[in-house]
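Just entry-v9.csv here, CSV, C-alpha atoms:
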chain,number,residue,atom,x,y,z
A,16,MET,CA,354.0,76.0,-149.3
A,17,LYS,CA,356.5,78.3,-147.6
A,18,PRO,CA,355.2,78.8,-144.1
A,19,ALA,CA,354.9,82.1,-142.4
A,20,VAL,CA,358.1,82.6,-140.4
A,21,VAL,CA,358.4,84.4,-137.1
A,22,HIS,CA,361.8,85.8,-135.9
A,23,HIS,CA,363.1,88.5,-133.6
A,24,PRO,CA,366.8,89.6,-133.3
A,25,ALA,CA,366.5,89.2,-129.5
A,26,TYR,CA,366.3,85.4,-130.0
A,27,VAL,CA,370.1,85.5,-129.7
A,28,ALA,CA,371.3,86.6,-126.3
A,29,GLU,CA,375.0,86.6,-125.2
A,30,LEU,CA,376.1,83.6,-123.1
A,31,PRO,CA,379.5,83.0,-121.4
A,32,PRO,CA,382.2,81.6,-123.8
A,33,GLY,CA,382.0,77.8,-124.2
A,34,HIS,CA,378.4,77.5,-122.9
A,35,ARG,CA,376.9,74.3,-124.4
A,36,PHE,CA,373.6,75.8,-125.3
A,37,PRO,CA,373.8,76.7,-129.1
A,38,MET,CA,372.4,80.2,-128.8
A,39,ALA,CA,373.8,81.2,-132.2
A,40,LYS,CA,371.6,78.8,-134.0
A,41,PHE,CA,368.6,81.1,-133.9
A,42,GLY,CA,370.2,83.9,-135.9
A,43,ARG,CA,372.0,81.5,-138.2
A,44,LEU,CA,368.8,79.6,-139.0
A,45,LEU,CA,367.1,82.8,-140.4
A,46,ALA,CA,370.2,83.5,-142.5
A,47,HIS,CA,370.1,79.9,-143.8
A,48,LEU,CA,366.4,80.2,-144.7
A,49,HIS,CA,367.1,83.4,-146.6
A,50,GLU,CA,370.1,81.8,-148.4
A,51,ARG,CA,368.0,78.8,-149.5
A,52,LYS,CA,365.0,80.9,-150.4
A,53,LEU,CA,362.9,79.1,-147.8
A,54,VAL,CA,361.4,82.3,-146.5
A,55,GLU,CA,359.6,85.1,-148.3
A,56,PRO,CA,360.1,88.7,-147.0
A,57,ARG,CA,356.4,89.3,-147.1
A,58,ARG,CA,355.8,86.2,-144.9
A,59,LEU,CA,358.5,87.1,-142.3
A,60,PHE,CA,357.0,88.5,-139.1
A,61,ARG,CA,358.5,90.1,-136.0
A,62,PRO,CA,356.7,89.8,-132.6
A,63,GLU,CA,356.6,92.3,-129.8
A,64,PRO,CA,358.0,90.8,-126.6
A,65,ALA,CA,355.3,89.1,-124.5
A,66,PRO,CA,353.7,91.2,-121.7
A,67,ARG,CA,353.7,90.0,-118.1
A,68,SER,CA,350.0,89.3,-118.4
A,69,TRP,CA,350.6,86.6,-121.1
A,70,LEU,CA,353.4,85.0,-119.2
A,71,GLU,CA,351.3,84.8,-116.0
A,72,LEU,CA,348.7,82.7,-117.9
A,73,ALA,CA,351.2,79.8,-117.8
A,74,HIS,CA,353.5,80.7,-115.0
A,75,SER,CA,353.2,81.9,-111.4
A,76,GLY,CA,353.5,85.7,-110.8
A,77,ARG,CA,356.4,85.0,-108.4
A,78,TYR,CA,358.4,83.2,-111.1
A,79,VAL,CA,357.6,85.8,-113.8
A,80,THR,CA,358.7,88.6,-111.4
A,81,ALA,CA,361.9,86.8,-110.6
A,82,VAL,CA,362.8,86.5,-114.3
A,83,LEU,CA,361.8,90.0,-115.4
A,84,GLU,CA,363.3,91.8,-112.4
A,85,HIS,CA,366.5,89.7,-112.5
A,86,GLY,CA,365.9,88.2,-109.1
A,87,LEU,CA,366.3,84.5,-109.9
A,88,ASP,CA,368.3,82.8,-107.2
A,89,PRO,CA,371.5,80.8,-107.9
A,90,ALA,CA,369.8,77.4,-107.3
A,91,SER,CA,367.1,78.3,-109.8
A,92,GLN,CA,369.7,79.4,-112.3
A,93,ARG,CA,371.5,76.1,-111.9
A,94,ARG,CA,368.3,74.2,-112.7
A,95,LEU,CA,367.8,76.4,-115.6
A,96,GLY,CA,371.3,75.9,-116.9
A,97,LEU,CA,371.5,79.5,-118.1
A,98,PRO,CA,372.9,82.6,-116.3
A,99,MET,CA,370.0,85.1,-116.1
A,100,SER,CA,370.5,88.5,-117.6
A,101,PRO,CA,368.4,91.3,-119.0
A,102,ALA,CA,369.2,90.0,-122.5
A,103,LEU,CA,368.1,86.5,-121.6
A,104,ALA,CA,364.9,87.8,-120.0
A,105,LEU,CA,364.1,89.8,-123.2
A,106,ARG,CA,364.9,86.8,-125.3
A,107,SER,CA,362.5,84.6,-123.3
A,108,ARG,CA,359.7,87.2,-123.7
A,109,ALA,CA,360.4,87.5,-127.4
A,110,ALA,CA,360.4,83.8,-128.0
A,111,SER,CA,357.1,83.4,-126.1
A,112,ALA,CA,355.5,86.2,-128.1
A,113,GLY,CA,356.9,84.6,-131.3
A,114,THR,CA,355.0,81.4,-130.6
A,115,VAL,CA,351.9,83.4,-129.9
A,116,LEU,CA,352.3,85.1,-133.2
A,117,ALA,CA,353.0,81.8,-135.0
A,118,ALA,CA,349.8,80.4,-133.6
A,119,ARG,CA,347.8,83.4,-134.8
A,120,LEU,CA,349.4,83.1,-138.3
A,121,ALA,CA,348.7,79.4,-138.4
A,122,LEU,CA,345.0,80.1,-137.7
A,123,GLU,CA,345.1,82.5,-140.6
A,124,HIS,CA,347.3,80.8,-143.1
A,125,GLY,CA,347.4,77.1,-142.1
A,126,LEU,CA,351.1,76.8,-141.2
A,127,ALA,CA,353.6,79.0,-139.4
A,128,CYS,CA,357.0,78.5,-137.9
A,129,ASN,CA,358.7,80.3,-135.0
A,130,THR,CA,362.5,80.3,-135.4
A,131,ALA,CA,362.8,79.8,-131.6
A,132,GLY,CA,360.5,78.2,-129.0
A,133,GLY,CA,359.9,74.8,-127.8
A,134,SER,CA,361.0,75.6,-124.2
A,135,HIS,CA,359.1,72.6,-122.9
A,136,HIS,CA,360.9,72.0,-119.6
A,137,ALA,CA,359.7,75.3,-118.1
A,138,MET,CA,357.0,74.6,-115.5
A,139,ALA,CA,354.5,76.9,-113.8
A,140,ASP,CA,356.8,77.9,-111.0
A,141,GLY,CA,360.3,77.6,-112.5
A,142,GLY,CA,362.6,77.0,-115.4
A,143,ALA,CA,364.8,74.1,-116.2
A,144,GLY,CA,366.9,72.5,-119.0
A,145,PHE,CA,367.6,75.8,-120.8
A,146,CYS,CA,363.9,76.7,-120.8
A,147,VAL,CA,362.9,80.0,-119.1
A,148,PHE,CA,359.3,80.5,-120.1
A,149,ASN,CA,357.2,77.7,-121.7
A,150,ASP,CA,356.3,79.5,-124.9
A,151,VAL,CA,353.9,76.8,-126.2
A,152,ALA,CA,352.0,76.9,-122.9
A,153,VAL,CA,351.9,80.7,-123.0
A,154,ALA,CA,350.6,80.7,-126.5
A,155,ALA,CA,348.0,78.1,-125.9
A,156,ALA,CA,346.8,79.9,-122.8
A,157,VAL,CA,346.6,83.2,-124.6
A,158,LEU,CA,344.6,81.9,-127.5
A,159,LEU,CA,342.3,79.9,-125.2
A,160,THR,CA,341.8,83.0,-123.0
A,161,GLU,CA,341.0,85.1,-126.1
A,162,GLY,CA,338.5,82.6,-127.3
A,163,LEU,CA,340.2,82.0,-130.6
A,164,VAL,CA,340.5,78.3,-130.0
A,165,ALA,CA,338.7,75.9,-127.7
A,166,ARG,CA,340.8,72.7,-128.1
A,167,VAL,CA,344.6,72.5,-128.5
A,168,LEU,CA,346.9,69.6,-129.2
A,169,VAL,CA,350.6,69.7,-128.5
A,170,ILE,CA,352.8,67.3,-130.5
A,171,ASP,CA,356.2,67.2,-128.9
A,172,LEU,CA,358.8,65.2,-130.8
A,173,ASP,CA,361.9,66.6,-129.1
A,174,VAL,CA,364.1,63.8,-127.8
A,175,HIS,CA,363.4,65.0,-124.2
A,176,GLN,CA,360.0,64.6,-122.7
A,177,GLY,CA,357.8,67.8,-122.6
A,178,ASP,CA,357.5,67.6,-118.9
A,179,GLY,CA,356.8,71.3,-118.3
A,180,THR,CA,354.0,71.5,-120.8
A,181,ALA,CA,352.4,68.4,-119.3
A,182,GLU,CA,352.7,69.9,-115.8
A,183,ILE,CA,351.1,73.2,-116.7
A,184,PHE,CA,348.1,71.6,-118.5
A,185,ARG,CA,347.7,68.6,-116.2
A,186,ASN,CA,344.3,69.7,-115.1
A,187,ASP,CA,343.2,71.5,-118.3
A,188,PRO,CA,341.1,69.2,-120.6
A,189,ARG,CA,341.2,71.9,-123.3
A,190,VAL,CA,344.9,71.1,-124.0
A,191,VAL,CA,346.0,67.6,-124.9
A,192,THR,CA,349.8,66.9,-124.6
A,193,PHE,CA,351.5,64.2,-126.7
A,194,SER,CA,355.3,63.5,-126.2
A,195,VAL,CA,357.5,61.0,-128.0
A,196,HIS,CA,360.9,60.9,-126.4
A,197,CYS,CA,363.8,58.7,-125.3
A,198,ARG,CA,363.1,57.1,-121.9
A,199,ALA,CA,366.7,57.1,-120.8
A,200,ASN,CA,367.2,60.8,-121.1
A,201,TYR,CA,366.5,64.1,-119.4
A,202,PRO,CA,364.4,64.8,-117.4
A,203,ALA,CA,365.2,61.9,-115.0
A,204,ARG,CA,361.8,62.3,-113.4
A,205,LYS,CA,359.1,62.5,-116.1
A,206,THR,CA,355.7,64.2,-115.8
A,207,GLN,CA,352.6,62.3,-117.2
A,208,SER,CA,351.5,63.8,-120.5
A,209,ASP,CA,348.0,62.9,-121.9
A,210,LEU,CA,349.9,60.5,-124.1
A,211,ASP,CA,353.6,59.5,-123.7
A,212,VAL,CA,355.6,57.3,-125.9
A,213,ALA,CA,358.9,56.5,-124.3
A,214,LEU,CA,361.5,54.9,-126.7
A,215,ASP,CA,364.5,52.9,-125.8
A,216,PRO,CA,367.9,54.4,-126.9
A,217,GLU,CA,369.1,53.8,-130.5
A,218,VAL,CA,365.6,53.6,-132.0
A,219,GLY,CA,366.1,54.5,-135.7
A,220,ASP,CA,364.1,55.7,-138.7
A,221,ALA,CA,361.9,52.7,-139.5
A,222,PRO,CA,360.5,51.8,-136.1
A,223,TYR,CA,360.2,55.5,-135.1
A,224,LEU,CA,358.2,56.4,-138.2
A,225,ARG,CA,356.0,53.3,-138.0
A,226,LEU,CA,355.1,54.2,-134.4
A,227,LEU,CA,354.4,57.8,-135.2
A,228,ASP,CA,352.3,56.9,-138.2
A,229,ALA,CA,350.3,54.5,-136.1
A,230,VAL,CA,349.6,56.9,-133.2
A,231,LEU,CA,349.4,60.4,-134.7
A,232,PRO,CA,346.5,60.2,-137.2
A,233,PRO,CA,344.0,58.6,-134.8
A,234,LEU,CA,345.1,61.0,-132.1
A,235,LEU,CA,344.3,64.0,-134.4
A,236,ASP,CA,340.9,62.5,-135.3
A,237,ARG,CA,340.1,61.8,-131.6
A,238,VAL,CA,341.1,65.2,-130.3
A,239,ALA,CA,339.8,67.2,-133.2
A,240,PRO,CA,341.8,70.3,-132.1
A,241,ASP,CA,341.3,73.8,-133.4
A,242,LEU,CA,345.1,74.3,-133.4
A,243,VAL,CA,348.1,72.1,-133.2
A,244,PHE,CA,351.5,73.1,-131.8
A,245,TYR,CA,354.5,71.0,-133.0
A,246,ASN,CA,357.8,71.0,-131.2
A,247,ALA,CA,360.1,69.9,-134.0
A,248,GLY,CA,363.3,69.3,-132.0
A,249,VAL,CA,366.0,67.7,-134.1
A,250,ASP,CA,367.8,66.1,-131.1
A,251,PRO,CA,366.5,62.6,-132.0
A,252,HIS,CA,369.2,62.6,-134.7
A,253,ARG,CA,371.8,59.8,-134.4
A,254,ASP,CA,374.7,62.4,-134.2
A,255,ASP,CA,373.1,64.6,-131.6
A,256,ARG,CA,375.3,65.1,-128.5
A,257,LEU,CA,372.4,64.9,-126.1
A,258,GLY,CA,369.9,62.7,-128.0
A,259,ARG,CA,370.4,58.9,-127.7
A,260,LEU,CA,368.0,58.1,-130.5
A,261,ALA,CA,369.2,57.3,-134.0
A,262,LEU,CA,367.2,59.2,-136.7
A,263,SER,CA,369.0,60.2,-139.9
A,264,ASP,CA,368.5,63.4,-141.9
A,265,ALA,CA,366.1,61.4,-144.1
A,266,GLY,CA,364.3,60.1,-141.0
A,267,LEU,CA,363.8,63.7,-139.8
A,268,ALA,CA,362.5,64.7,-143.2
A,269,ALA,CA,360.0,61.8,-143.2
A,270,ARG,CA,359.0,62.7,-139.6
A,271,GLU,CA,358.3,66.3,-140.7
A,272,ALA,CA,356.4,65.2,-143.8
A,273,LEU,CA,354.2,62.8,-141.7
A,274,VAL,CA,353.3,65.5,-139.1
A,275,LEU,CA,352.7,68.2,-141.7
A,276,GLU,CA,350.7,66.0,-144.1
A,277,ALA,CA,348.5,64.6,-141.2
A,278,CYS,CA,347.6,68.1,-140.2
A,279,ARG,CA,347.2,69.4,-143.8
A,280,ARG,CA,344.8,66.6,-144.8
A,281,ARG,CA,342.6,67.5,-141.8
A,282,ALA,CA,342.9,71.3,-142.4
A,283,LEU,CA,344.3,71.7,-138.9
A,284,PRO,CA,346.2,74.9,-138.3
A,285,LEU,CA,349.8,74.0,-137.3
A,286,ALA,CA,352.2,76.3,-135.4
A,287,CYS,CA,355.8,74.9,-135.3
A,288,VAL,CA,358.5,75.7,-132.8
A,289,LEU,CA,362.2,75.0,-133.0
A,290,GLY,CA,362.9,72.7,-130.1
A,291,GLY,CA,366.2,71.2,-129.2
A,292,GLY,CA,369.3,70.2,-131.1
A,293,TYR,CA,372.9,69.7,-130.2
A,294,ALA,CA,374.8,68.7,-133.3
A,295,PRO,CA,378.6,68.6,-133.5
A,296,THR,CA,378.7,71.8,-135.6
A,297,LEU,CA,376.5,74.8,-135.9
A,298,ASP,CA,376.2,74.3,-139.6
A,299,GLU,CA,374.9,70.8,-139.2
A,300,LEU,CA,372.4,71.9,-136.6
A,301,VAL,CA,371.0,74.7,-138.6
A,302,ALA,CA,370.6,72.5,-141.7
A,303,ARG,CA,368.6,70.0,-139.6
A,304,HIS,CA,366.3,72.6,-138.2
A,305,ALA,CA,365.8,73.8,-141.8
A,306,ILE,CA,364.5,70.4,-142.9
A,307,LEU,CA,361.0,71.3,-141.7
A,308,HIS,CA,361.0,74.3,-144.0
A,309,GLU,CA,362.3,72.2,-146.9
A,310,VAL,CA,359.6,69.7,-146.4
A,311,ALA,CA,356.9,72.4,-146.1
A,312,ARG,CA,358.0,74.0,-149.3
A,313,ASP,CA,357.3,70.9,-151.3
A,314,LEU,CA,353.8,70.3,-149.9
A,315,PRO,CA,350.5,71.8,-151.2
A,316,ALA,CA,349.1,74.7,-149.3
A,317,TRP,CA,346.7,74.1,-146.4

Translate the structure of the given file into structure tokens.
Amino acid sequence: MKPAVVHHPAYVAELPPGHRFPMAKFGRLLAHLHERKLVEPRRLFRPEPAPRSWLELAHSGRYVTAVLEHGLDPASQRRLGLPMSPALALRSRAASAGTVLAARLALEHGLACNTAGGSHHAMADGGAGFCVFNDVAVAAAVLLTEGLVARVLVIDLDVHQGDGTAEIFRNDPRVVTFSVHCRANYPARKTQSDLDVALDPEVGDAPYLRLLDAVLPPLLDRVAPDLVFYNAGVDPHRDDRLGRLALSDAGLAAREALVLEACRRRALPLACVLGGGYAPTLDELVARHAILHEVARDLPAW
């Protein structure tokens, strides 16, 4: 099935020349999906930027105000790794709303993908690692507050630990956080998720997939969530500049098939977010992010 796709033009915000965050990938991914006929116009949705009230369900009012009113101090911007601007603040609101919309669409259709999101290093009181607002945390909190779900599982397979998501939901039993990441990678100081699997560098396709297949299905059965969020970061790839794991394109495709099939067989609504990726070229990076959509296209509907 072709998933519902969420996109907003504001996902691309201008950065200084040479900045290492691949901002252009968000617009290029949508173009790639159109070129490969992986998205249908009737299943392409545009969110309205998130209101302050949504953001403050996951973040402190002080931090939200600093971002929205362009008052983030230099030290906070250094931790964030991005120079704050009105365009970046709008982008962060749009990406958070995009994950909220993807979650709503997943509840309706079974599967939906945001072409941004996965900002899992943003904590309640500050951003870090290119993550301003924690979109998955915002979306989970919105749907829980609205009573649309009562139990949420976050599957985070980005190469970096989902420390911000774990911190925000540390004392909330309604949200279960699961992270598979490289132990010798950012962040240096990890936050305890409900379930962490820390891998040594250079783990490749076969051991990675065996581990995921052993852990994920029983976790889904035990948690029995009303909604699953999936951070499908492609930075575990062997050629990723910031990754340190060793998955191939085929390994990423097998990973996506494993996650999607496990949720589909249990009729669990699945909202996917983009996550990280730092390939040598933008074309390679966009193609890797599109693997999720290629795998979804070849699966039966939910």

Restrict the calculation to all atoms listed in the file, then for each residue of stretch 49-138 of chain A with any atom at most 10 Å from an atom of stretch 292-307 of chain A give the closest atom pair and their distance in Å to one decimal, rows by chain and rising residue number, as CSV.
residue,atom,partner,partner_atom,distance
A:Arg51,CA,A:Ala305,CA,9.4
A:Leu53,CA,A:Ala305,CA,8.5
A:Cys128,CA,A:Leu307,CA,9.1
A:Thr130,CA,A:His304,CA,9.0

Residues near A:Leu257, cut-off 12 Å, all atoms listed in the file, skip fewer than 4 positions along chain, as a ChimeraX atom specification: /A:35-36,144,173-175,197,199-202,216,248-253,261,291-295

Stretch 166-263 of chain A residues near stretch 107-115 of chain A within 12 Å, closest pair each, using all atoms listed in the file, as JSON lines:
{"residue": "A:Leu242", "atom": "CA", "partner": "A:Val115", "partner_atom": "CA", "distance": 11.9}
{"residue": "A:Val243", "atom": "CA", "partner": "A:Thr114", "partner_atom": "CA", "distance": 11.9}
{"residue": "A:Phe244", "atom": "CA", "partner": "A:Thr114", "partner_atom": "CA", "distance": 9.1}
{"residue": "A:Tyr245", "atom": "CA", "partner": "A:Thr114", "partner_atom": "CA", "distance": 10.7}
{"residue": "A:Asn246", "atom": "CA", "partner": "A:Thr114", "partner_atom": "CA", "distance": 10.8}

Quick one: residues within 12 Å of A:Gly162, all atoms listed in the file, excluding same-chain residues fewer than 5 positions away - as a PDB file with C-alpha atoms, in the coordinates of the input?
ATOM      1  CA  ARG A 119     347.800  83.400-134.800  1.00  0.00           C
ATOM      2  CA  ALA A 155     348.000  78.100-125.900  1.00  0.00           C
ATOM      3  CA  ALA A 156     346.800  79.900-122.800  1.00  0.00           C
ATOM      4  CA  VAL A 157     346.600  83.200-124.600  1.00  0.00           C
ATOM      5  CA  VAL A 167     344.600  72.500-128.500  1.00  0.00           C
ATOM      6  CA  ARG A 189     341.200  71.900-123.300  1.00  0.00           C
ATOM      7  CA  ASP A 241     341.300  73.800-133.400  1.00  0.00           C
TER       8      ASP A 241
END

Nearest to A:His22, chosen from A:Arg270, A:Leu214, A:Leu289, A:Glu84, with only C-alpha atoms counted in the distances: A:Leu289

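Nearest residue to A:Pro37, choosing from A:Ala265, A:Val79, A:Leu158, A:Ala131 and counting all atoms listed in the file: A:Ala131.
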
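Proximity ranking of A:Leu70, A:Leu163, A:Leu105, A:Ala154 relative to A:Asp140 places A:Leu70 first, based on all atoms listed in the file.
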
Between atom CA of A:Glu182 and atom CA of A:Val153, distance in Å (one decimal): 13.0 Å

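The space between atom CA of A:Gly133 and atom CA of A:Asn149 spans 7.3 Å.
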
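Distances to A:Glu55 were evaluated for A:Val288, A:Ala127, A:Ala19, A:Ala203 using all atoms listed in the file, and the minimum falls at A:Ala19.
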
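From atom CA of A:Gly86 back to atom CA of A:Ser100, the distance works out to 9.7 Å.
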
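With all atoms listed in the file as the atoms that count, the residue of A:Ala117, A:Val20, A:Asp187, A:Leu30 with the shortest distance to A:Pro101 is A:Leu30.
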
Point (357.5, 62.6, -130.2) neighbourhood (12 Å, all atoms listed in the file) written as a PyMOL selection string: chain A and resi 169-177+192-198+208+210-214+223-224+226-228+230-231+245-251+260+267+270-271+273-274+290

Distance query A:Ala239 at most 10 Å, only C-alpha atoms, self and fewer than 6 positions along chain excluded, as a VMD selection string: chain A and resid 166 to 168 233 281 283

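For the residues A:Gly219, A:Gly141, A:Gly179, A:Gly76, ranking by smallest atom-to-atom distance to A:Arg204 using all atoms listed in the file places A:Gly179 first.
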
Generate the coordinates of N, CA and C atoms for stretch 288-311 of chain A; report them as a compact mmCIF listing (two decimals), keeping the file's coordinate frame.
# COMPACT_ATOMS: atom_id res chain seq x y z
N VAL A 288 357.40 75.08 -133.58
CA VAL A 288 358.50 75.70 -132.80
C VAL A 288 359.73 74.91 -132.93
N LEU A 289 360.87 75.54 -132.66
CA LEU A 289 362.20 75.00 -133.00
C LEU A 289 362.56 73.74 -132.24
N GLY A 290 362.44 73.80 -130.93
CA GLY A 290 362.90 72.70 -130.10
C GLY A 290 364.37 72.54 -130.02
N GLY A 291 364.81 71.39 -129.50
CA GLY A 291 366.20 71.20 -129.20
C GLY A 291 367.03 70.63 -130.34
N GLY A 292 368.33 70.72 -130.17
CA GLY A 292 369.30 70.20 -131.10
C GLY A 292 370.68 70.54 -130.69
N TYR A 293 371.58 69.54 -130.68
CA TYR A 293 372.90 69.70 -130.20
C TYR A 293 373.92 68.98 -131.06
N ALA A 294 373.96 69.40 -132.32
CA ALA A 294 374.80 68.70 -133.30
C ALA A 294 376.27 69.09 -133.07
N PRO A 295 377.20 68.30 -133.65
CA PRO A 295 378.60 68.60 -133.50
C PRO A 295 379.04 69.97 -133.97
N THR A 296 378.41 70.44 -135.06
CA THR A 296 378.70 71.80 -135.60
C THR A 296 377.45 72.58 -135.75
N LEU A 297 377.62 73.89 -135.72
CA LEU A 297 376.50 74.80 -135.90
C LEU A 297 375.86 74.64 -137.27
N ASP A 298 376.67 74.47 -138.29
CA ASP A 298 376.20 74.30 -139.60
C ASP A 298 375.27 73.09 -139.77
N GLU A 299 375.70 71.96 -139.19
CA GLU A 299 374.90 70.80 -139.20
C GLU A 299 373.55 70.98 -138.50
N LEU A 300 373.62 71.65 -137.37
CA LEU A 300 372.40 71.90 -136.60
C LEU A 300 371.41 72.75 -137.32
N VAL A 301 371.89 73.82 -137.89
CA VAL A 301 371.00 74.70 -138.60
C VAL A 301 370.38 74.01 -139.81
N ALA A 302 371.18 73.21 -140.52
CA ALA A 302 370.60 72.50 -141.70
C ALA A 302 369.54 71.50 -141.22
N ARG A 303 369.68 70.89 -140.06
CA ARG A 303 368.60 70.00 -139.60
C ARG A 303 367.37 70.72 -139.21
N HIS A 304 367.52 71.87 -138.57
CA HIS A 304 366.30 72.60 -138.20
C HIS A 304 365.62 73.14 -139.51
N ALA A 305 366.37 73.34 -140.57
CA ALA A 305 365.80 73.80 -141.80
C ALA A 305 365.02 72.73 -142.58
N ILE A 306 365.21 71.47 -142.21
CA ILE A 306 364.50 70.40 -142.90
C ILE A 306 363.02 70.58 -142.89
N LEU A 307 362.48 71.05 -141.78
CA LEU A 307 361.00 71.30 -141.70
C LEU A 307 360.58 72.25 -142.77
N HIS A 308 361.35 73.30 -143.00
CA HIS A 308 361.00 74.30 -144.00
C HIS A 308 361.13 73.73 -145.42
N GLU A 309 362.12 72.87 -145.62
CA GLU A 309 362.30 72.20 -146.90
C GLU A 309 361.13 71.31 -147.25
N VAL A 310 360.70 70.56 -146.25
CA VAL A 310 359.60 69.70 -146.40
C VAL A 310 358.30 70.47 -146.70
N ALA A 311 358.09 71.53 -145.93
CA ALA A 311 356.90 72.40 -146.10
C ALA A 311 356.83 72.97 -147.49
